[in-house]
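**Student:** Just so it is clear, I am handing over protein27.tsv, which has TSV, C-alpha atoms.
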```tsv
chain	number	residue	atom	x	y	z
C	1	MET	CA	0.00	0.00	0.00
C	2	ILE	CA	1.24	3.46	-0.85
C	3	ILE	CA	0.94	5.51	2.33
C	4	TYR	CA	2.27	8.89	1.28
C	5	THR	CA	3.54	10.57	-1.88
C	6	LEU	CA	5.16	13.92	-2.57
C	7	ILE	CA	6.45	15.79	-5.60
C	8	ALA	CA	9.25	18.27	-4.97
C	9	ARG	CA	11.65	20.47	-6.90
C	10	SER	CA	15.04	18.75	-6.86
C	11	SER	CA	17.11	21.93	-6.89
C	12	ASP	CA	15.98	23.23	-3.49
C	13	GLY	CA	13.70	20.51	-2.07
C	14	MET	CA	10.60	22.70	-2.34
C	15	ILE	CA	7.50	20.50	-2.00
C	16	LEU	CA	5.06	21.28	-4.81
C	17	VAL	CA	2.28	18.83	-3.94
C	18	GLU	CA	1.74	15.94	-1.51
C	19	SER	CA	-0.93	13.45	-0.55
C	20	THR	CA	-1.51	10.91	2.23
C	21	SER	CA	-3.79	7.90	1.90
C	22	ALA	CA	-7.06	8.16	3.78
C	23	GLY	CA	-6.85	7.20	7.44
C	24	ILE	CA	-3.06	7.55	7.74
C	25	GLN	CA	-1.73	9.81	10.50
C	26	GLY	CA	1.72	10.39	11.95
C	27	ASN	CA	5.00	12.14	11.29
C	28	HIS	CA	5.75	10.38	7.99
C	29	VAL	CA	5.65	13.81	6.30
C	30	GLN	CA	8.51	15.09	8.44
C	31	ILE	CA	10.59	11.96	7.92
C	32	THR	CA	10.03	12.02	4.15
C	33	ASN	CA	11.03	15.67	4.20
C	34	ARG	CA	14.32	14.71	5.88
C	35	LEU	CA	14.96	12.18	3.12
C	36	LEU	CA	14.06	14.85	0.58
C	37	GLN	CA	16.57	17.28	2.05
C	38	LYS	CA	19.27	14.63	2.01
C	39	LEU	CA	18.58	13.84	-1.64
C	40	THR	CA	18.55	17.55	-2.48
C	41	ALA	CA	21.90	18.08	-0.79
C	42	ASN	CA	23.37	14.96	-2.42
C	43	PRO	CA	21.98	14.74	-5.99
C	44	HIS	CA	24.49	12.02	-6.87
C	45	LEU	CA	22.55	9.59	-4.67
C	46	VAL	CA	19.76	9.44	-7.26
C	47	PRO	CA	20.88	10.93	-10.60
C	48	VAL	CA	18.40	12.24	-13.15
C	49	GLY	CA	16.47	9.41	-14.77
C	50	ASN	CA	17.33	6.94	-11.98
C	51	ARG	CA	15.44	5.40	-9.08
C	52	LYS	CA	16.28	4.08	-5.62
C	53	THR	CA	14.56	2.46	-2.64
C	54	TYR	CA	15.35	3.25	0.99
C	55	SER	CA	14.14	0.76	3.59
C	56	ASN	CA	14.41	-0.32	7.23
C	57	ASN	CA	12.57	-2.74	9.45
C	58	VAL	CA	10.11	-1.81	12.13
C	59	SER	CA	8.91	-3.78	15.11
C	60	MET	CA	5.17	-4.19	14.89
C	61	LEU	CA	2.61	-6.98	15.00
C	62	PRO	CA	1.19	-7.63	11.52
C	63	THR	CA	-2.22	-8.34	13.01
C	64	LEU	CA	-2.24	-5.02	14.82
C	65	ASN	CA	-1.16	-3.31	11.63
C	66	GLU	CA	-4.03	-4.86	9.73
C	67	VAL	CA	-6.55	-3.98	12.43
C	68	ASN	CA	-5.38	-0.40	12.77
C	69	ARG	CA	-5.37	0.07	9.01
C	70	ASN	CA	-8.92	-1.19	8.78
C	71	ASN	CA	-9.90	1.16	11.59
C	72	GLY	CA	-8.28	4.02	9.73
C	73	ASP	CA	-5.87	4.84	12.54
C	74	ILE	CA	-2.16	4.16	12.03
C	75	GLU	CA	0.18	6.22	14.18
C	76	ILE	CA	3.63	6.36	12.56
C	77	LYS	CA	6.52	7.86	14.50
C	78	SER	CA	9.90	7.92	12.80
C	79	TYR	CA	13.44	9.23	13.03
C	80	TRP	CA	16.31	9.66	10.61
C	81	ASN	CA	19.38	7.56	11.40
C	82	GLY	CA	21.74	9.19	8.92
C	83	SER	CA	21.75	6.52	6.22
C	84	GLY	CA	18.19	5.24	6.04
C	85	THR	CA	14.79	5.54	7.62
C	86	GLU	CA	13.26	3.57	10.45
C	87	GLU	CA	9.59	3.53	11.40
C	88	ILE	CA	8.83	3.14	15.14
C	89	TYR	CA	5.25	2.61	16.30
C	90	ASP	CA	3.81	3.41	19.70
C	91	ASN	CA	3.06	-0.26	20.28
C	92	ASN	CA	5.91	-1.80	22.31
C	93	GLU	CA	4.87	-5.40	22.03
C	94	ALA	CA	7.30	-7.75	20.37
C	95	GLY	CA	6.24	-8.64	16.90
C	96	ALA	CA	7.37	-9.58	13.45
C	97	SER	CA	9.56	-7.26	11.48
C	98	MET	CA	7.62	-5.18	8.97
C	99	PRO	CA	9.68	-2.97	6.64
C	100	HIS	CA	8.57	0.28	5.05
C	101	PHE	CA	10.05	1.63	1.87
C	102	PHE	CA	10.71	5.03	0.35
C	103	HIS	CA	10.63	4.73	-3.44
C	104	VAL	CA	12.43	7.61	-5.16
C	105	GLU	CA	12.22	8.54	-8.84
C	106	ARG	CA	14.22	11.50	-10.13
C	107	GLY	CA	13.04	13.34	-13.22
C	108	GLU	CA	14.11	16.58	-14.81
C	109	ALA	CA	14.24	19.10	-11.93
C	110	VAL	CA	11.67	17.05	-9.96
C	111	LEU	CA	11.81	14.35	-7.28
C	112	TYR	CA	8.94	11.87	-6.88
C	113	ILE	CA	8.90	10.04	-3.51
C	114	SER	CA	6.38	7.54	-2.19
C	115	LEU	CA	6.24	5.70	1.14
C	116	SER	CA	4.80	2.17	1.15
C	117	ASP	CA	4.61	-0.89	3.37
C	118	ASP	CA	4.86	-3.37	0.49
C	119	THR	CA	7.47	-6.09	0.92
C	120	SER	CA	7.38	-8.01	-2.37
C	121	SER	CA	9.45	-7.05	-5.37
C	122	GLN	CA	6.30	-7.35	-7.46
C	123	ASN	CA	4.66	-4.56	-5.46
C	124	HIS	CA	7.84	-2.51	-5.63
C	125	ARG	CA	7.67	-2.65	-9.42
C	126	ILE	CA	4.02	-1.60	-9.22
C	127	ASN	CA	4.97	1.33	-6.98
C	128	PHE	CA	7.69	2.46	-9.37
C	129	GLY	CA	5.19	2.10	-12.20
C	130	PHE	CA	2.92	4.39	-10.23
C	131	LEU	CA	5.74	6.95	-9.92
C	132	LEU	CA	6.39	6.76	-13.67
C	133	ASP	CA	2.70	7.34	-14.40
C	134	LEU	CA	2.74	10.19	-11.90
C	135	GLN	CA	5.75	11.72	-13.60
C	136	LYS	CA	4.07	11.56	-17.01
C	137	GLU	CA	0.87	13.13	-15.65
C	138	PHE	CA	2.73	15.88	-13.80
C	139	THR	CA	5.06	16.84	-16.66
C	140	SER	CA	2.14	16.87	-19.09
C	141	LYS	CA	0.45	19.59	-17.03
C	142	TYR	CA	3.43	21.71	-15.95
C	143	THR	CA	6.34	22.97	-18.02
C	144	PRO	CA	9.91	22.99	-16.62
C	145	ASN	CA	9.79	26.78	-16.50
C	146	LYS	CA	6.59	26.76	-14.45
C	147	ILE	CA	8.05	24.15	-12.09
C	148	LEU	CA	11.16	26.28	-11.52
C	149	LYS	CA	9.07	29.38	-10.74
C	150	ALA	CA	6.49	27.65	-8.52
C	151	ASN	CA	6.18	28.48	-4.83
C	152	ALA	CA	5.91	25.93	-2.05
C	153	TYR	CA	2.80	23.80	-2.57
C	154	GLY	CA	2.16	25.80	-5.72
C	155	MET	CA	0.50	22.80	-7.44
C	156	GLU	CA	-1.41	21.61	-4.36
C	157	LYS	CA	-4.74	23.12	-5.37
C	158	GLN	CA	-4.73	21.82	-8.94
C	159	PHE	CA	-2.87	18.52	-8.65
C	160	SER	CA	-3.50	17.15	-5.14
C	161	LYS	CA	-6.81	15.55	-6.13
C	162	ILE	CA	-5.23	13.95	-9.17
C	163	LEU	CA	-2.41	12.60	-7.00
C	164	ALA	CA	-4.85	11.23	-4.42
C	165	ASN	CA	-6.91	9.51	-7.12
C	166	MET	CA	-3.81	7.95	-8.66
C	167	MET	CA	-2.69	6.65	-5.25
C	168	HIS	CA	-6.15	5.23	-4.56
C	169	HIS	CA	-6.25	3.54	-7.97
C	170	CYS	CA	-2.82	1.99	-7.43
C	171	ASN	CA	-3.74	0.73	-3.97
C	172	THR	CA	-7.15	-0.70	-4.92
C	173	ASN	CA	-6.10	-2.29	-8.23
C	174	ARG	CA	-2.85	-3.81	-7.03
C	175	HIS	CA	-3.81	-7.43	-7.79
C	176	THR	CA	-4.88	-6.58	-11.30
C	177	GLN	CA	-1.68	-4.65	-11.87
C	178	GLY	CA	0.31	-7.57	-10.47
C	179	ARG	CA	-1.32	-10.05	-12.86
C	180	ASN	CA	-0.77	-7.66	-15.72
C	181	SER	CA	2.84	-6.89	-14.85
C	182	THR	CA	4.16	-9.71	-17.04
C	183	LEU	CA	1.91	-8.59	-19.86
C	184	THR	CA	3.00	-5.01	-19.27
C	185	LYS	CA	6.63	-6.07	-19.44
C	186	LEU	CA	6.00	-7.97	-22.66
C	187	ASN	CA	4.11	-4.99	-24.07
C	188	SER	CA	7.01	-2.77	-23.09
C	189	GLU	CA	9.43	-5.08	-24.88
C	190	VAL	CA	7.14	-5.18	-27.91
C	191	GLU	CA	6.95	-1.38	-27.89
C	192	SER	CA	10.73	-1.23	-27.65
C	193	ILE	CA	11.06	-3.60	-30.61
C	194	LYS	CA	8.47	-1.57	-32.51
C	195	LYS	CA	10.48	1.58	-31.86
C	196	VAL	CA	13.66	-0.11	-33.13
C	197	LEU	CA	11.84	-1.43	-36.17
C	198	GLY	CA	10.25	1.96	-36.70
C	199	SER	CA	13.64	3.64	-36.54
C	200	SER	CA	15.07	1.09	-38.98
C	201	TYR	CA	12.09	1.58	-41.29
C	202	ASP	CA	12.46	5.36	-41.11
C	203	LEU	CA	16.16	5.00	-41.89
C	204	LEU	CA	15.34	2.73	-44.83
C	205	ILE	CA	12.74	5.18	-46.10
C	206	ARG	CA	15.23	8.05	-45.82
C	207	ASN	CA	17.84	6.00	-47.69
C	208	GLN	CA	15.30	5.18	-50.39
C	209	GLU	CA	14.36	8.83	-50.62
C	210	THR	CA	18.05	9.72	-50.92
C	211	LEU	CA	18.55	7.12	-53.67
C	212	HIS	CA	15.42	8.34	-55.43
C	213	SER	CA	16.70	11.90	-55.19
C	214	LEU	CA	20.06	10.83	-56.63
C	215	VAL	CA	18.34	9.00	-59.50
C	216	GLU	CA	16.23	12.08	-60.22
C	217	LYS	CA	19.32	14.29	-60.18
C	218	SER	CA	21.09	11.84	-62.50
C	219	ASP	CA	18.13	11.91	-64.88
C	220	ASP	CA	18.16	15.70	-64.78
C	221	LEU	CA	21.87	15.75	-65.57
C	222	LEU	CA	21.37	13.37	-68.48
C	223	PHE	CA	18.53	15.51	-69.79
C	224	ASP	CA	20.63	18.66	-69.44
C	225	ALA	CA	23.52	16.93	-71.21
C	226	GLU	CA	21.23	15.91	-74.06
C	227	VAL	CA	19.83	19.43	-74.33
C	228	PHE	CA	23.36	20.82	-74.30
C	229	SER	CA	24.40	18.35	-77.00
C	230	LYS	CA	21.45	19.34	-79.18
C	231	SER	CA	22.19	23.00	-78.62
C	232	GLY	CA	25.82	22.37	-79.54
C	233	ARG	CA	24.84	20.63	-82.78
C	234	LYS	CA	22.50	23.48	-83.65
C	235	ILE	CA	25.20	26.04	-82.96
C	236	LYS	CA	27.67	24.01	-85.03
C	237	LYS	CA	25.25	23.90	-87.99
C	238	ALA	CA	24.59	27.61	-87.66
C	239	MET	CA	28.31	28.38	-87.61
C	240	LYS	CA	28.89	26.13	-90.62
C	241	LYS	CA	26.10	27.84	-92.50
C	242	LYS	CA	27.47	31.22	-91.53
C	243	ASN	CA	30.94	30.24	-92.72
C	244	THR	CA	29.49	29.10	-96.07
C	245	VAL	CA	27.72	32.42	-96.45
C	246	TYR	CA	30.96	34.24	-95.65
C	247	LYS	CA	32.80	32.21	-98.30
C	248	ILE	CA	30.14	32.94	-100.93
C	249	VAL	CA	30.23	36.62	-100.05
C	250	LEU	CA	34.04	36.65	-100.33
C	251	ILE	CA	33.94	34.88	-103.73
C	252	VAL	CA	31.31	37.28	-105.04
C	253	PHE	CA	33.27	40.21	-103.67
C	254	GLY	CA	36.47	38.92	-105.33
C	255	MET	CA	34.72	38.44	-108.66
C	256	LEU	CA	33.23	41.92	-108.40
C	257	LEU	CA	36.66	43.38	-107.63
C	258	VAL	CA	38.19	41.70	-110.69
C	259	TYR	CA	35.31	42.92	-112.83
C	260	LEU	CA	35.76	46.49	-111.62
C	261	MET	CA	39.47	46.36	-112.39
C	262	MET	CA	38.77	45.10	-115.88
C	263	VAL	CA	36.15	47.79	-116.38
C	264	LYS	CA	38.69	50.37	-115.36
C	265	LEU	CA	41.23	49.10	-117.86
C	266	CYS	CA	39.01	48.18	-120.78
C	267	GLY	CA	35.69	49.90	-120.23
C	268	PHE	CA	32.33	48.47	-119.57
C	269	ASP	CA	32.25	46.56	-122.89
C	270	LEU	CA	35.61	44.97	-122.14
C	271	SER	CA	36.78	45.74	-125.80
C	272	CYS	CA	40.35	46.67	-125.02
C	273	ARG	CA	41.75	43.32	-126.22
C	274	ALA	CA	40.00	43.50	-129.63
C	275	ASP	CA	41.21	47.04	-130.28
C	276	ASP	CA	44.80	46.13	-129.50
C	277	VAL	CA	44.65	43.24	-131.93
C	278	GLY	CA	43.27	45.51	-134.69
C	279	ASN	CA	46.05	48.01	-134.18
C	280	ASP	CA	48.67	45.33	-134.39
C	281	ASP	CA	47.26	44.10	-137.71
C	282	ALA	CA	47.16	47.59	-139.28
C	283	GLY	CA	50.77	48.29	-138.46
C	284	GLY	CA	51.85	45.09	-140.01
C	285	TYR	CA	50.19	45.82	-143.29
C	286	GLY	CA	51.75	49.30	-143.55
C	287	TYR	CA	55.21	47.86	-142.92
C	288	ASN	CA	54.93	45.49	-145.86
C	289	ASN	CA	54.07	48.23	-148.31
```
Mind turning this structure into structure tokens?

**Tutor:**
Amino acid sequence: MIIYTLIARSSDGMILVESTSAGIQGNHVQITNRLLQKLTANPHLVPVGNRKTYSNNVSMLPTLNEVNRNNGDIEIKSYWNGSGTEEIYDNNEAGASMPHFFHVERGEAVLYISLSDDTSSQNHRINFGFLLDLQKEFTSKYTPNKILKANAYGMEKQFSKILANMMHHCNTNRHTQGRNSTLTKLNSEVESIKKVLGSSYDLLIRNQETLHSLVEKSDDLLFDAEVFSKSGRKIKKAMKKKNTVYKIVLIVFGMLLVYLMMVKLCGFDLSCRADDVGNDDAGGYGYNN
């Protein structure tokens, strides 16, 4: 049974919210506060993300414990012995040893502590499961910044009822949770495997997307190369055509230049050669006479 639970800021030990199971009375709050101060002063005892259980035995008759619990009247008197906690009841009769446990879970800037009288490891796992659920519920409602700025018992009004209900649910459904612990463990392992497979699948998808992107880039480069090749061939044809035109223009210009020179020497009718021949013939005839 979870007797008492508190949530405190780990930096200064400021209690933000607490709750005691119905019918429980005593100085368990003060003793838990001493443990809280020790954990605050020595954060290495329970690092962030870790858990620890503090326990000691108490002398008390189990039958008396059961009767008093049913009557709703358990007087717990405790003291801090420097290394652990020890619960001492007002009853002085010799009895069996009944341990109590402080379960501690340390989150980001927050300590979660519960006091229970459960002795089995199965119930301890249930209690730590309760602290994990409590941590999820608390962090879902309050941001780290709000937790750092909160005053003492700053979440008491809004969260104490939620905390009490969660404690009551854990205490009244313990057998069901115990039977489901193996299933919960298997589900946890399945979820872990699913996460690994999901990560592998995501990695595979990203690799496929990368390969697809590379193929697309390669296709784009091939298309650009083909376009460039076509453009090059077109430019080559255009240059060849332009060179042919230049050659024709040069030939025409050369022929025109020759024609103009001949026109200058012989006239437009180009008769200078015939006249020279006629003159040569006339001179010859005169010489003979």

**Student:** Have a look at atom CA of Thr244 of chain C and atom CA of Asp224 of chain C and let me know their distance in Å, one decimal.

**Tutor:**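 Straight-line distance from atom CA of Thr244 of chain C to atom CA of Asp224 of chain C works out to 29.9 Å.
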
**Student:** Env of Ala8 of chain C: 7 Å cut, atoms = only C-alpha atoms, seq-sep filter 3 positions within chain, self excluded. Answer as a ChimeraX atom specification.

**Tutor:** /C:13-16,110-112

**Student:** Quick one: residues within 10 Å of Asn123 of chain C, all atoms listed in the file, excluding same-chain residues fewer than 2 positions away - as a ChimeraX atom specification?

**Tutor:** /C:1-2,116-121,125-129,174-175,177-178,181

**Student:** Go ahead and save the residues from that selection, with C-alpha atoms, as a compact mmCIF listing (two decimals), in the coordinates of the input.

**Tutor:**
```
# COMPACT_ATOMS: atom_id res chain seq x y z
CA MET C 1 0.00 0.00 0.00
CA ILE C 2 1.24 3.46 -0.85
CA SER C 116 4.80 2.17 1.15
CA ASP C 117 4.61 -0.89 3.37
CA ASP C 118 4.86 -3.37 0.49
CA THR C 119 7.47 -6.09 0.92
CA SER C 120 7.38 -8.01 -2.37
CA SER C 121 9.45 -7.05 -5.37
CA ARG C 125 7.67 -2.65 -9.42
CA ILE C 126 4.02 -1.60 -9.22
CA ASN C 127 4.97 1.33 -6.98
CA PHE C 128 7.69 2.46 -9.37
CA GLY C 129 5.19 2.10 -12.20
CA ARG C 174 -2.85 -3.81 -7.03
CA HIS C 175 -3.81 -7.43 -7.79
CA GLN C 177 -1.68 -4.65 -11.87
CA GLY C 178 0.31 -7.57 -10.47
CA SER C 181 2.84 -6.89 -14.85
```

**Student:** For a quick check of understanding, using all atoms listed in the file, which of C:Lys52, C:Lys194, C:Lys157, C:His28 has the smallest distance to Tyr4 of chain C?

**Tutor:**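 Of the candidates, the smallest distance to Tyr4 of chain C is held by C:His28.
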
**Student:** For Ile24 of chain C, which of C:Tyr153, C:Leu39, C:Leu115, C:Leu6 is the closest residue, counting all atoms listed in the file?

**Tutor:**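 Under the stated criterion, the closest residue is C:Leu115.
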
**Student:** Counting all atoms listed in the file, what is within 10 Å of Ser160 of chain C, bar same-chain residues fewer than 2 positions away, as a list in words?

**Tutor:** Leu6, Leu16, Val17, Glu18, Ser19, Thr20, Tyr153, Met155, Glu156, Lys157, Gln158, Ile162, Leu163, Ala164, Asn165 and Met166 of chain C

**Student:** Closest to Ser140 of chain C among C:Tyr259, C:Ser218, C:Phe159, C:Ser231, using all atoms listed in the file?

**Tutor:** C:Phe159

**Student:** Which residue gives the smallest distance to Thr139 of chain C among C:Ala152, C:Val252, C:Val29, C:Ala109, with all atoms listed in the file counted?

**Tutor:**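 With all atoms listed in the file as the atom set, the closest residue is C:Ala109.
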
**Student:** From the structure block, carefully write segment 171-274 of chain C out with C-alpha atoms; format it as a compact mmCIF listing (two decimals), in the first residue's frame.

**Tutor:**
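Now in result_23.txt:
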```txt
# COMPACT_ATOMS: atom_id res chain seq x y z
CA ASN C 171 -3.74 0.73 -3.97
CA THR C 172 -7.15 -0.70 -4.92
CA ASN C 173 -6.10 -2.29 -8.23
CA ARG C 174 -2.85 -3.81 -7.03
CA HIS C 175 -3.81 -7.43 -7.79
CA THR C 176 -4.88 -6.58 -11.30
CA GLN C 177 -1.68 -4.65 -11.87
CA GLY C 178 0.31 -7.57 -10.47
CA ARG C 179 -1.32 -10.05 -12.86
CA ASN C 180 -0.77 -7.66 -15.72
CA SER C 181 2.84 -6.89 -14.85
CA THR C 182 4.16 -9.71 -17.04
CA LEU C 183 1.91 -8.59 -19.86
CA THR C 184 3.00 -5.01 -19.27
CA LYS C 185 6.63 -6.07 -19.44
CA LEU C 186 6.00 -7.97 -22.66
CA ASN C 187 4.11 -4.99 -24.07
CA SER C 188 7.01 -2.77 -23.09
CA GLU C 189 9.43 -5.08 -24.88
CA VAL C 190 7.14 -5.18 -27.91
CA GLU C 191 6.95 -1.38 -27.89
CA SER C 192 10.73 -1.23 -27.65
CA ILE C 193 11.06 -3.60 -30.61
CA LYS C 194 8.47 -1.57 -32.51
CA LYS C 195 10.48 1.58 -31.86
CA VAL C 196 13.66 -0.11 -33.13
CA LEU C 197 11.84 -1.43 -36.17
CA GLY C 198 10.25 1.96 -36.70
CA SER C 199 13.64 3.64 -36.54
CA SER C 200 15.07 1.09 -38.98
CA TYR C 201 12.09 1.58 -41.29
CA ASP C 202 12.46 5.36 -41.11
CA LEU C 203 16.16 5.00 -41.89
CA LEU C 204 15.34 2.73 -44.83
CA ILE C 205 12.74 5.18 -46.10
CA ARG C 206 15.23 8.05 -45.82
CA ASN C 207 17.84 6.00 -47.69
CA GLN C 208 15.30 5.18 -50.39
CA GLU C 209 14.36 8.83 -50.62
CA THR C 210 18.05 9.72 -50.92
CA LEU C 211 18.55 7.12 -53.67
CA HIS C 212 15.42 8.34 -55.43
CA SER C 213 16.70 11.90 -55.19
CA LEU C 214 20.06 10.83 -56.63
CA VAL C 215 18.34 9.00 -59.50
CA GLU C 216 16.23 12.08 -60.22
CA LYS C 217 19.32 14.29 -60.18
CA SER C 218 21.09 11.84 -62.50
CA ASP C 219 18.13 11.91 -64.88
CA ASP C 220 18.16 15.70 -64.78
CA LEU C 221 21.87 15.75 -65.57
CA LEU C 222 21.37 13.37 -68.48
CA PHE C 223 18.53 15.51 -69.79
CA ASP C 224 20.63 18.66 -69.44
CA ALA C 225 23.52 16.93 -71.21
CA GLU C 226 21.23 15.91 -74.06
CA VAL C 227 19.83 19.43 -74.33
CA PHE C 228 23.36 20.82 -74.30
CA SER C 229 24.40 18.35 -77.00
CA LYS C 230 21.45 19.34 -79.18
CA SER C 231 22.19 23.00 -78.62
CA GLY C 232 25.82 22.37 -79.54
CA ARG C 233 24.84 20.63 -82.78
CA LYS C 234 22.50 23.48 -83.65
CA ILE C 235 25.20 26.04 -82.96
CA LYS C 236 27.67 24.01 -85.03
CA LYS C 237 25.25 23.90 -87.99
CA ALA C 238 24.59 27.61 -87.66
CA MET C 239 28.31 28.38 -87.61
CA LYS C 240 28.89 26.13 -90.62
CA LYS C 241 26.10 27.84 -92.50
CA LYS C 242 27.47 31.22 -91.53
CA ASN C 243 30.94 30.24 -92.72
CA THR C 244 29.49 29.10 -96.07
CA VAL C 245 27.72 32.42 -96.45
CA TYR C 246 30.96 34.24 -95.65
CA LYS C 247 32.80 32.21 -98.30
CA ILE C 248 30.14 32.94 -100.93
CA VAL C 249 30.23 36.62 -100.05
CA LEU C 250 34.04 36.65 -100.33
CA ILE C 251 33.94 34.88 -103.73
CA VAL C 252 31.31 37.28 -105.04
CA PHE C 253 33.27 40.21 -103.67
CA GLY C 254 36.47 38.92 -105.33
CA MET C 255 34.72 38.44 -108.66
CA LEU C 256 33.23 41.92 -108.40
CA LEU C 257 36.66 43.38 -107.63
CA VAL C 258 38.19 41.70 -110.69
CA TYR C 259 35.31 42.92 -112.83
CA LEU C 260 35.76 46.49 -111.62
CA MET C 261 39.47 46.36 -112.39
CA MET C 262 38.77 45.10 -115.88
CA VAL C 263 36.15 47.79 -116.38
CA LYS C 264 38.69 50.37 -115.36
CA LEU C 265 41.23 49.10 -117.86
CA CYS C 266 39.01 48.18 -120.78
CA GLY C 267 35.69 49.90 -120.23
CA PHE C 268 32.33 48.47 -119.57
CA ASP C 269 32.25 46.56 -122.89
CA LEU C 270 35.61 44.97 -122.14
CA SER C 271 36.78 45.74 -125.80
CA CYS C 272 40.35 46.67 -125.02
CA ARG C 273 41.75 43.32 -126.22
CA ALA C 274 40.00 43.50 -129.63
```
